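Peer 1: Got protein_0.csv for you, CSV, C-alpha atoms:
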chain,number,residue,atom,x,y,z
A,105,MET,CA,0.0,0.0,0.0
A,106,LYS,CA,1.4,3.4,-1.0
A,107,GLU,CA,1.9,6.0,1.7
A,108,THR,CA,1.0,9.6,0.7
A,109,ALA,CA,1.9,12.9,2.2
A,110,PRO,CA,-0.8,14.7,4.1
A,111,SER,CA,-2.7,17.4,2.4
A,112,PHE,CA,-2.3,21.1,3.4
A,113,THR,CA,-4.5,24.1,3.7
A,114,ALA,CA,-3.3,27.7,3.3
A,115,ASP,CA,-3.6,28.2,7.1
A,116,ARG,CA,-1.5,25.1,7.8
A,117,ILE,CA,1.2,26.2,5.3
A,118,THR,CA,1.5,29.6,7.1
A,119,ALA,CA,1.8,27.9,10.5
A,120,ARG,CA,4.2,25.4,9.0
A,121,ASP,CA,6.5,28.2,7.8
A,122,THR,CA,6.4,29.8,11.2
A,123,VAL,CA,7.4,26.6,12.9
A,124,LEU,CA,10.1,25.8,10.4
A,125,ALA,CA,11.7,29.3,10.9
A,126,ALA,CA,11.5,29.0,14.6
A,127,LEU,CA,13.0,25.5,14.6
A,128,LEU,CA,16.0,26.4,12.4
A,129,THR,CA,16.6,29.7,14.3
A,130,ALA,CA,16.5,28.0,17.7
A,131,GLY,CA,18.8,25.2,16.5
A,132,ALA,CA,21.3,27.6,15.1
A,133,ALA,CA,21.3,29.8,18.2
A,134,ILE,CA,21.8,26.8,20.5
A,135,ALA,CA,24.7,25.6,18.3
A,136,ALA,CA,26.3,29.1,18.3
A,137,PHE,CA,26.1,30.0,22.0
A,138,VAL,CA,26.5,26.6,23.7
A,139,PRO,CA,29.0,24.4,21.7
A,140,PRO,CA,28.2,21.1,23.6
A,141,PHE,CA,24.6,21.3,22.4
A,142,PHE,CA,25.8,20.8,18.8
A,143,PRO,CA,25.3,17.0,18.5
A,144,PHE,CA,28.7,15.9,17.3
A,145,ALA,CA,31.8,15.0,19.3
A,146,HIS,CA,34.4,17.8,19.7
A,147,ALA,CA,32.0,20.4,18.2
A,148,SER,CA,33.4,23.1,20.5
A,149,VAL,CA,36.6,23.2,18.5
A,150,TYR,CA,34.7,24.8,15.6
A,151,PRO,CA,34.0,28.6,15.5
A,152,PRO,CA,30.4,29.6,16.2
A,153,ALA,CA,29.8,30.7,12.6
A,154,VAL,CA,30.7,27.2,11.4
A,155,ARG,CA,28.3,25.6,13.8
A,156,VAL,CA,25.5,28.0,12.8
A,157,LEU,CA,26.0,27.5,9.1
A,158,SER,CA,26.3,23.7,9.6
A,159,MET,CA,23.0,23.6,11.6
A,160,LEU,CA,21.2,25.8,9.0
A,161,ALA,CA,22.6,23.6,6.2
A,162,PHE,CA,21.4,20.4,8.0
A,163,GLY,CA,18.0,22.0,8.5
A,164,VAL,CA,17.4,23.2,4.9
A,165,SER,CA,18.7,20.0,3.4
A,166,GLY,CA,16.6,18.0,5.7
A,167,LEU,CA,13.5,20.0,4.9
A,168,TYR,CA,14.0,19.6,1.2
A,169,CYS,CA,14.4,15.8,1.5
A,170,ALA,CA,11.4,15.6,3.8
A,171,TRP,CA,9.3,17.6,1.3
A,172,ARG,CA,10.4,15.2,-1.5
A,173,CYS,CA,9.5,12.2,0.6
A,174,GLY,CA,6.2,13.4,2.0
A,175,LEU,CA,7.6,13.6,5.5
A,176,GLU,CA,5.8,16.3,7.5
A,177,ILE,CA,7.0,18.7,10.2
A,178,MET,CA,3.6,19.9,11.5
A,179,PRO,CA,1.4,17.6,13.6
A,180,HIS,CA,-1.1,15.6,11.7
A,181,GLY,CA,-3.4,12.7,12.3
A,182,LEU,CA,-3.9,13.6,15.9
A,183,ARG,CA,-6.7,15.5,17.7
A,184,HIS,CA,-4.4,16.5,20.6
A,185,PRO,CA,-0.7,16.3,19.5
A,186,MET,CA,0.6,18.0,22.5
A,187,TRP,CA,-1.0,15.4,24.8
A,188,VAL,CA,0.4,12.6,22.7
A,189,SER,CA,3.9,14.1,23.1
A,190,LEU,CA,3.5,14.5,26.8
A,191,ILE,CA,2.2,11.0,27.3
A,192,ALA,CA,5.0,9.6,25.2
A,193,GLY,CA,7.5,11.5,27.3
A,194,VAL,CA,6.1,10.1,30.5
A,195,LEU,CA,6.1,6.6,29.2
A,196,VAL,CA,9.7,6.8,27.9
A,197,ALA,CA,10.9,8.5,31.1
A,198,ALA,CA,9.4,5.6,33.1
A,199,TYR,CA,11.1,3.1,30.8
A,200,LEU,CA,14.4,4.9,31.2
A,201,LEU,CA,14.1,5.0,34.9
A,202,LEU,CA,13.4,1.3,35.0
A,203,LEU,CA,16.3,0.6,32.7
A,204,ASP,CA,18.7,2.5,35.0
A,205,VAL,CA,17.4,0.5,38.0
A,206,VAL,CA,17.9,-2.8,36.2
A,207,PHE,CA,21.4,-1.8,35.0
A,208,ARG,CA,22.4,0.1,38.1
A,209,ALA,CA,25.5,-2.0,38.8
A,210,GLN,CA,26.9,-1.4,35.3
A,211,LEU,CA,26.4,2.4,35.6
A,212,THR,CA,28.5,2.7,38.7
A,213,GLY,CA,31.3,5.1,38.0
A,214,ASN,CA,29.6,6.2,34.8
A,215,GLY,CA,26.9,8.8,34.0
A,216,ALA,CA,24.6,7.7,36.8
A,217,GLU,CA,26.8,8.9,39.6
A,218,SER,CA,27.8,12.1,37.9
A,219,LEU,CA,24.2,13.4,37.6
A,220,PRO,CA,23.6,14.3,41.3
A,221,GLY,CA,26.4,16.8,41.2
A,222,ILE,CA,24.7,18.8,38.5
A,223,SER,CA,21.8,21.2,39.2
A,224,LEU,CA,18.4,19.8,38.1
A,225,TRP,CA,17.6,23.0,36.2
A,226,VAL,CA,20.9,22.9,34.4
A,227,ARG,CA,20.2,19.3,33.3
A,228,LEU,CA,16.7,20.1,32.2
A,229,ILE,CA,17.9,23.0,30.1
A,230,TYR,CA,20.8,21.0,28.6
A,231,TYR,CA,18.8,18.0,27.6
A,232,VAL,CA,15.7,19.8,26.4
A,233,LEU,CA,17.8,22.1,24.1
A,234,ARG,CA,19.9,19.1,23.0
A,235,SER,CA,16.8,17.2,22.1
A,236,LEU,CA,15.9,20.0,19.7
A,237,ASN,CA,19.2,20.0,17.9
A,238,GLU,CA,19.3,16.2,17.8
A,239,GLY,CA,15.9,16.3,16.2
A,240,ILE,CA,17.2,18.7,13.5
A,241,VAL,CA,20.4,16.8,12.8
A,242,TYR,CA,19.4,13.1,13.2
A,243,GLN,CA,15.7,13.1,12.4
A,244,LEU,CA,15.2,16.0,10.0
A,245,PHE,CA,18.5,15.8,8.2
A,246,PHE,CA,19.9,12.3,8.4
A,247,GLY,CA,16.5,10.6,8.7
A,248,SER,CA,15.0,12.5,5.8
A,249,VAL,CA,18.2,12.2,3.6
A,250,PHE,CA,18.4,8.5,4.3
A,251,VAL,CA,14.7,8.0,3.3
A,252,PHE,CA,15.2,10.1,0.2
A,253,LEU,CA,18.3,8.1,-0.9
A,254,ILE,CA,16.9,4.7,0.0
A,255,GLY,CA,13.6,5.6,-1.6
A,256,ARG,CA,15.3,6.3,-4.9
A,257,VAL,CA,15.9,2.6,-5.3
A,258,TRP,CA,13.4,1.0,-3.0
A,259,ARG,CA,10.1,1.9,-4.7
A,260,HIS,CA,6.8,0.2,-5.7
A,261,ASP,CA,4.6,1.5,-8.4
A,262,GLY,CA,6.6,4.7,-8.6
A,263,ALA,CA,6.3,5.5,-4.9
A,264,ILE,CA,8.7,5.1,-1.9
A,265,THR,CA,7.9,1.9,-0.1
A,266,PRO,CA,6.9,2.0,3.6
A,267,GLY,CA,10.0,-0.1,4.4
A,268,ALA,CA,12.2,2.6,3.0
A,269,TYR,CA,10.8,5.2,5.4
A,270,TRP,CA,11.3,3.0,8.4
A,271,LEU,CA,14.8,1.8,7.4
A,272,GLY,CA,16.0,5.4,6.7
A,273,LEU,CA,14.6,6.9,9.9
A,274,ILE,CA,15.9,4.0,12.1
A,275,LEU,CA,19.3,4.1,10.5
A,276,ALA,CA,19.5,7.8,11.4
A,277,HIS,CA,19.1,6.9,15.1
A,278,ALA,CA,21.7,4.1,14.8
A,279,LEU,CA,24.0,6.8,13.5
A,280,ASN,CA,23.3,9.0,16.5
A,281,LEU,CA,24.2,6.1,18.8
A,282,ALA,CA,27.4,5.4,16.8
A,283,ILE,CA,28.6,9.0,16.9
A,284,ASN,CA,27.6,10.1,20.4
A,285,VAL,CA,27.9,7.1,22.6
A,286,PRO,CA,31.4,5.5,23.0
A,287,PHE,CA,31.4,1.8,22.4
A,288,HIS,CA,32.0,-0.4,25.5
A,289,ALA,CA,31.3,-4.1,25.3
A,290,SER,CA,30.2,-4.1,29.0
A,291,THR,CA,27.5,-1.5,28.5
A,292,PHE,CA,26.5,-2.3,24.9
A,293,VAL,CA,23.1,-3.8,25.8
A,294,TYR,CA,22.3,-0.8,28.1
A,295,ASP,CA,23.5,1.8,25.6
A,296,THR,CA,21.3,0.2,22.9
A,297,LEU,CA,18.2,0.1,25.1
A,298,ARG,CA,18.9,3.5,26.5
A,299,PHE,CA,19.8,5.5,23.4
A,300,PHE,CA,18.6,3.6,20.4
A,301,ALA,CA,15.3,2.0,21.5
A,302,PRO,CA,13.6,5.4,22.2
A,303,GLY,CA,14.7,6.5,18.8
A,304,ILE,CA,12.5,4.0,17.2
A,305,LEU,CA,9.5,5.7,18.9
A,306,TRP,CA,10.8,9.1,17.7
A,307,ALA,CA,11.0,7.7,14.1
A,308,TYR,CA,7.4,6.4,14.4
A,309,LEU,CA,6.1,9.7,15.6
A,310,TYR,CA,8.0,11.6,12.8
A,311,ARG,CA,6.7,9.3,10.1
A,312,ARG,CA,3.1,9.1,11.3
A,313,HIS,CA,2.4,12.4,13.1
A,314,GLY,CA,5.1,14.9,12.2
A,315,LEU,CA,8.6,15.9,13.3
A,316,SER,CA,7.3,18.5,15.8
A,317,VAL,CA,5.4,15.8,17.7
A,318,ALA,CA,8.6,13.6,17.8
A,319,ILE,CA,10.8,16.5,19.0
A,320,ALA,CA,8.3,17.5,21.6
A,321,ALA,CA,8.0,14.0,22.9
A,322,HIS,CA,11.8,13.7,23.2
A,323,ALA,CA,12.0,17.0,25.1
A,324,ALA,CA,9.1,16.0,27.3
A,325,THR,CA,11.0,12.8,28.2
A,326,HIS,CA,13.7,14.8,29.9
A,327,VAL,CA,11.2,17.1,31.6
A,328,PHE,CA,9.9,14.0,33.4
A,329,PHE,CA,13.1,11.8,33.5
A,330,GLN,CA,15.5,14.3,35.1
A,331,PRO,CA,13.4,15.0,38.2
A,332,PHE,CA,13.0,11.2,38.6
A,333,ILE,CA,16.8,10.9,38.5
A,334,ALA,CA,17.1,13.7,41.1
A,335,LEU,CA,14.7,12.0,43.4
A,336,THR,CA,16.1,8.5,43.2
A,337,SER,CA,19.7,9.7,43.5
A,338,THR,CA,19.2,11.5,46.8
Transcribe the structure of this file into structure tokens.

Peer 2:
Amino acid sequence: MKETAPSFTADRITARDTVLAALLTAGAAIAAFVPPFFPFAHASVYPPAVRVLSMLAFGVSGLYCAWRCGLEIMPHGLRHPMWVSLIAGVLVAAYLLLLDVVFRAQLTGNGAESLPGISLWVRLIYYVLRSLNEGIVYQLFFGSVFVFLIGRVWRHDGAITPGAYWLGLILAHALNLAINVPFHASTFVYDTLRFFAPGILWAYLYRRHGLSVAIAAHAATHVFFQPFIALTST
């Protein structure tokens, strides 16, 4: 069965343009003023102008590929998209908390013990802003580009197959894991469940209901998860 892009009205196009401009502006500003938020290792060695231009290039290229593939940015197919993002955030936060409890022994001396020394508000700001830039780089750019490229060869009746969408979007999250999480055999299972598994949900939300829903859900996860960490670590 062919998957088609959602239809638009003039009002939605106007709202979409506003959201896109805000998304790219915020992503570029974050990359410019706070180097660690730029979601690549050693990003701070690059001048702010390079980080800003890179983020804008990622965003514009991703938007083009998303448009060519029928991937949407604005919410669609939901009556209350914000509630869906919040509920998804709560569920993923609970999943991550359970995961940290199960793998607590492996986390000793790792990230789990370093969190209590950092202010809750600092962690919230850091992870919420980082979730925005990760959404631009890994979902909008890499995800859309992968779908576009895979869809050039994996087609049926002239249309991109559903499998090409899922493969491209999931590969983007695998790339995120490979770039940002150092490989350690002892924590491979935890790292995969912690950093890759939620990405499958973000890919689903992006494909089915729009990138903004996926990014909001990712940000909401940290809004709920970081206070949980603060409570359980005291």

Peer 1: So what do you get for atom CA of A:His288 versus atom CA of A:Ser235, distance-wise?

Peer 2: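 So the answer is 23.5 Å.
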
Peer 1: Counting all atoms listed in the file, which residues have an atom no more than 9 Å from (8.7, 11.5, 12.9) in the file's coordinates? Please list them as number ranges by chain.

Peer 2: A: 175-177, 243-244, 247, 273, 305-319

Peer 1: If you measure from atom CA of A:Ala209 to atom CA of A:Ala197, what distance in Å do you get, rounded to one decimal?

Peer 2: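 Distance between the two atoms: 19.6 Å.
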
Peer 1: Would you mind listing what lies within 12 Å of stretch 280-284 of chain A as a PDB file with C-alpha atoms, keeping the file's coordinate frame, with only C-alpha atoms counted and same-chain residues fewer than 2 positions away left out?

Peer 2:
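After the write, selection11.pdb holds the following:
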ATOM      1  CA  PRO A 140      28.200  21.100  23.600  1.00  0.00           C
ATOM      2  CA  PHE A 141      24.600  21.300  22.400  1.00  0.00           C
ATOM      3  CA  PHE A 142      25.800  20.800  18.800  1.00  0.00           C
ATOM      4  CA  PRO A 143      25.300  17.000  18.500  1.00  0.00           C
ATOM      5  CA  PHE A 144      28.700  15.900  17.300  1.00  0.00           C
ATOM      6  CA  ALA A 145      31.800  15.000  19.300  1.00  0.00           C
ATOM      7  CA  HIS A 146      34.400  17.800  19.700  1.00  0.00           C
ATOM      8  CA  ALA A 147      32.000  20.400  18.200  1.00  0.00           C
ATOM      9  CA  SER A 235      16.800  17.200  22.100  1.00  0.00           C
ATOM     10  CA  ASN A 237      19.200  20.000  17.900  1.00  0.00           C
ATOM     11  CA  GLU A 238      19.300  16.200  17.800  1.00  0.00           C
ATOM     12  CA  GLY A 239      15.900  16.300  16.200  1.00  0.00           C
ATOM     13  CA  ILE A 240      17.200  18.700  13.500  1.00  0.00           C
ATOM     14  CA  VAL A 241      20.400  16.800  12.800  1.00  0.00           C
ATOM     15  CA  TYR A 242      19.400  13.100  13.200  1.00  0.00           C
ATOM     16  CA  GLN A 243      15.700  13.100  12.400  1.00  0.00           C
ATOM     17  CA  PHE A 245      18.500  15.800   8.200  1.00  0.00           C
ATOM     18  CA  PHE A 246      19.900  12.300   8.400  1.00  0.00           C
ATOM     19  CA  GLY A 247      16.500  10.600   8.700  1.00  0.00           C
ATOM     20  CA  LEU A 273      14.600   6.900   9.900  1.00  0.00           C
ATOM     21  CA  ILE A 274      15.900   4.000  12.100  1.00  0.00           C
ATOM     22  CA  LEU A 275      19.300   4.100  10.500  1.00  0.00           C
ATOM     23  CA  ALA A 276      19.500   7.800  11.400  1.00  0.00           C
ATOM     24  CA  HIS A 277      19.100   6.900  15.100  1.00  0.00           C
ATOM     25  CA  ALA A 278      21.700   4.100  14.800  1.00  0.00           C
ATOM     26  CA  PRO A 286      31.400   5.500  23.000  1.00  0.00           C
ATOM     27  CA  PHE A 287      31.400   1.800  22.400  1.00  0.00           C
ATOM     28  CA  HIS A 288      32.000  -0.400  25.500  1.00  0.00           C
ATOM     29  CA  PHE A 292      26.500  -2.300  24.900  1.00  0.00           C
ATOM     30  CA  TYR A 294      22.300  -0.800  28.100  1.00  0.00           C
ATOM     31  CA  ASP A 295      23.500   1.800  25.600  1.00  0.00           C
ATOM     32  CA  THR A 296      21.300   0.200  22.900  1.00  0.00           C
ATOM     33  CA  LEU A 297      18.200   0.100  25.100  1.00  0.00           C
ATOM     34  CA  ARG A 298      18.900   3.500  26.500  1.00  0.00           C
ATOM     35  CA  PHE A 299      19.800   5.500  23.400  1.00  0.00           C
ATOM     36  CA  PHE A 300      18.600   3.600  20.400  1.00  0.00           C
ATOM     37  CA  ALA A 301      15.300   2.000  21.500  1.00  0.00           C
ATOM     38  CA  PRO A 302      13.600   5.400  22.200  1.00  0.00           C
ATOM     39  CA  GLY A 303      14.700   6.500  18.800  1.00  0.00           C
ATOM     40  CA  ILE A 304      12.500   4.000  17.200  1.00  0.00           C
TER      41      ILE A 304
END

Peer 1: Measuring atom to atom with all atoms listed in the file, identify which of A:Ala321, A:Leu203, A:Leu167, A:Ile264 is nearest to A:Pro179.

Peer 2: A:Ala321
